[in-house]
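Below is one structure, written out as structure tokens; comments come after it.
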Amino acid sequence: NLYFRYKDAEKDTVYVGMSRFAATPEVLQNTYVENDGLAELIEHDTQCTYLKTPAGVFTEITLPVNEIYQGHLNDSISQAQFSLYRYNAANQESAFEVPQTLLLVRKQDMYTFFEEGKVPDEKTSYVTSFNSSYNTYTFSNISNLVSYCKRERNEESAKAGITPEAWEQQHQDWNKVVLIPVETNRDNSNNIVSVTHDMGLGSAKLVGGATDKLKIQVIYSTFN
């Protein structure tokens with residue numbers, strides 16, 4: 001069900017409407033969503049970042065892979081955790097619903113993930129839920145993703161016969177991920193069996209952006 005508000009210009013009246021889209025997994029449903037007026041929101045507000053549904057604004061994160069391994073080249077990463085803090089809406093009465101589930105996936109995989117019907121593998125993709133008590137989205141351990149990015153960079157640069165730094169310049173998205181609001185379906189064992197875009201009407205304003213960077217907590221393991 002898609003709920004929305006629209007205005008009758010002649011009567012200067014605002015109405016509330018609802019459209020119902022019904023389908024089963026066997027029915028091909030192509031949904032096209034168009035958003036206007038997002039350029040200023042995305043380009044000029046550097047104090048924070050946003051999530052918006054349906055299919056409006058995703059947040060991009062650059063993982064500090066090189067910084068994480070600086071001084072720890074021979075160590076293993078046991079845990080890498082970070083939280084995204086949400087700003088409370090200024091007007092709670094008119095605020096949209098907060099997206100409840102977020103998918104973290106590599107930027108280069110953000111289209112094929114849905115096109116190929118993939119599910120989070122805890123390696124290059126993860127999901128987490130909104131914690132209303134702390135007003136956060138927390139990814140408790142993305143150590144596999146950090147290690148994967150570093151290993152891919154080293155292996156692919158060696159195959160190409162170039163330095164890792166040169167390979168990074170040719171692959172600008174190697175350490176970038178995106179956060180996408182989604183809905184998940186689970187089986188009786190609580191395993192995720194499908195992931196789809198959140199097509200409800202929702203938004204969230206998150207701490208981050210160009211000036212207020214997020215912090216990631218890393219635990220290293222050293223074997224002697």
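Order determines the names: the first chain of the structure tokens is A, the second B, and so forth; residues in each chain are numbered 1 upward, and ligands are numbered 1 upward as they are shown.
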Excluding Asn154 in chain A and residues on its chain fewer than 2 positions from it, collect all residues at most 12 Å away from it, counting only C-alpha atoms, and give them as number ranges by chain.
A: 66, 147-152, 156-168, 174
Now that the selection is made, can you save its residues with C-alpha atoms as a PDB file, in the first residue's frame?
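Written output follows (result_21.pdb):
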```pdb
ATOM      1  CA  ASN A  66      43.917   1.780   4.145  1.00  0.00           C
ATOM      2  CA  SER A 147      39.249  -7.677   4.563  1.00  0.00           C
ATOM      3  CA  TYR A 148      37.585  -8.491   1.239  1.00  0.00           C
ATOM      4  CA  CYS A 149      38.196  -4.991  -0.128  1.00  0.00           C
ATOM      5  CA  LYS A 150      41.875  -5.083   0.867  1.00  0.00           C
ATOM      6  CA  ARG A 151      42.409  -8.582  -0.551  1.00  0.00           C
ATOM      7  CA  GLU A 152      40.662  -7.717  -3.813  1.00  0.00           C
ATOM      8  CA  GLU A 156      43.748  -7.463  -8.762  1.00  0.00           C
ATOM      9  CA  SER A 157      46.624  -4.975  -8.783  1.00  0.00           C
ATOM     10  CA  ALA A 158      49.117  -7.876  -8.820  1.00  0.00           C
ATOM     11  CA  LYS A 159      47.299  -9.457 -11.794  1.00  0.00           C
ATOM     12  CA  ALA A 160      47.386  -6.141 -13.647  1.00  0.00           C
ATOM     13  CA  GLY A 161      51.075  -5.637 -12.852  1.00  0.00           C
ATOM     14  CA  ILE A 162      50.509  -2.233 -11.243  1.00  0.00           C
ATOM     15  CA  THR A 163      50.785  -0.826  -7.746  1.00  0.00           C
ATOM     16  CA  PRO A 164      47.779  -0.979  -5.392  1.00  0.00           C
ATOM     17  CA  GLU A 165      47.708   2.830  -5.440  1.00  0.00           C
ATOM     18  CA  ALA A 166      47.480   2.891  -9.236  1.00  0.00           C
ATOM     19  CA  TRP A 167      44.737   0.251  -9.160  1.00  0.00           C
ATOM     20  CA  GLU A 168      42.753   2.387  -6.696  1.00  0.00           C
ATOM     21  CA  TRP A 174      36.633  -0.191  -4.593  1.00  0.00           C
TER      22      TRP A 174
END
```
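Residues in contact with Asn131 in chain A at 10 Å, where only C-alpha atoms are counted and same-chain residues fewer than 3 positions away are skipped, are listed as Tyr85, Arg86, Gln100, Thr101, Thr128, Tyr134, Asn135, Thr136, Tyr137 and Thr138 of chain A.
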Could the residues in this selection be saved with C-alpha atoms as a PDB file, in the first residue's frame?
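Saved result, part.pdb, follows:
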```pdb
ATOM      1  CA  TYR A  85      22.815   8.218  14.326  1.00  0.00           C
ATOM      2  CA  ARG A  86      19.483   9.683  13.273  1.00  0.00           C
ATOM      3  CA  GLN A 100      13.201   0.146   9.542  1.00  0.00           C
ATOM      4  CA  THR A 101      15.725  -2.018   7.680  1.00  0.00           C
ATOM      5  CA  THR A 128      20.505  -4.107  10.079  1.00  0.00           C
ATOM      6  CA  TYR A 134      19.147   4.565  20.698  1.00  0.00           C
ATOM      7  CA  ASN A 135      17.949   6.214  17.474  1.00  0.00           C
ATOM      8  CA  THR A 136      20.616   4.372  15.495  1.00  0.00           C
ATOM      9  CA  TYR A 137      21.363   1.874  12.774  1.00  0.00           C
ATOM     10  CA  THR A 138      24.294  -0.287  13.877  1.00  0.00           C
TER      11      THR A 138
END
```
Could you build a table of the residues in range 136-176 of chain A lying no more than 10 Å from range 113-122 of chain A, giving for each the nearest pair of atoms and their separation in Å rounded to one decimal place, using only C-alpha atoms, ordered by chain and ascending residue number, as CSV?
```
residue,atom,partner,partner_atom,distance
A:Asn141,CA,A:Glu122,CA,8.7
A:Ile142,CA,A:Glu122,CA,7.4
A:Ser143,CA,A:Glu122,CA,9.2
A:Asn144,CA,A:Glu122,CA,7.2
A:Leu145,CA,A:Glu122,CA,7.8
```
Nearest-residue call for Ile192 in chain A, choices A:Tyr111, A:Glu10, A:Val127, A:Tyr15, using only C-alpha atoms:
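When distances to Ile192 in chain A are compared using only C-alpha atoms, the smallest one comes from A:Val127.
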If DSSP is run on the backbone, what residues of chain A are alpha helix (DSSP H)? A reply as number ranges by chain would be ideal.
A: 39-43, 65-69, 112-115, 143-160, 164-170
How far is it from CA of Phe4 in chain A to CA of Leu179 in chain A, in Å with one decimal?
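These atoms are spaced 23.9 Å apart.
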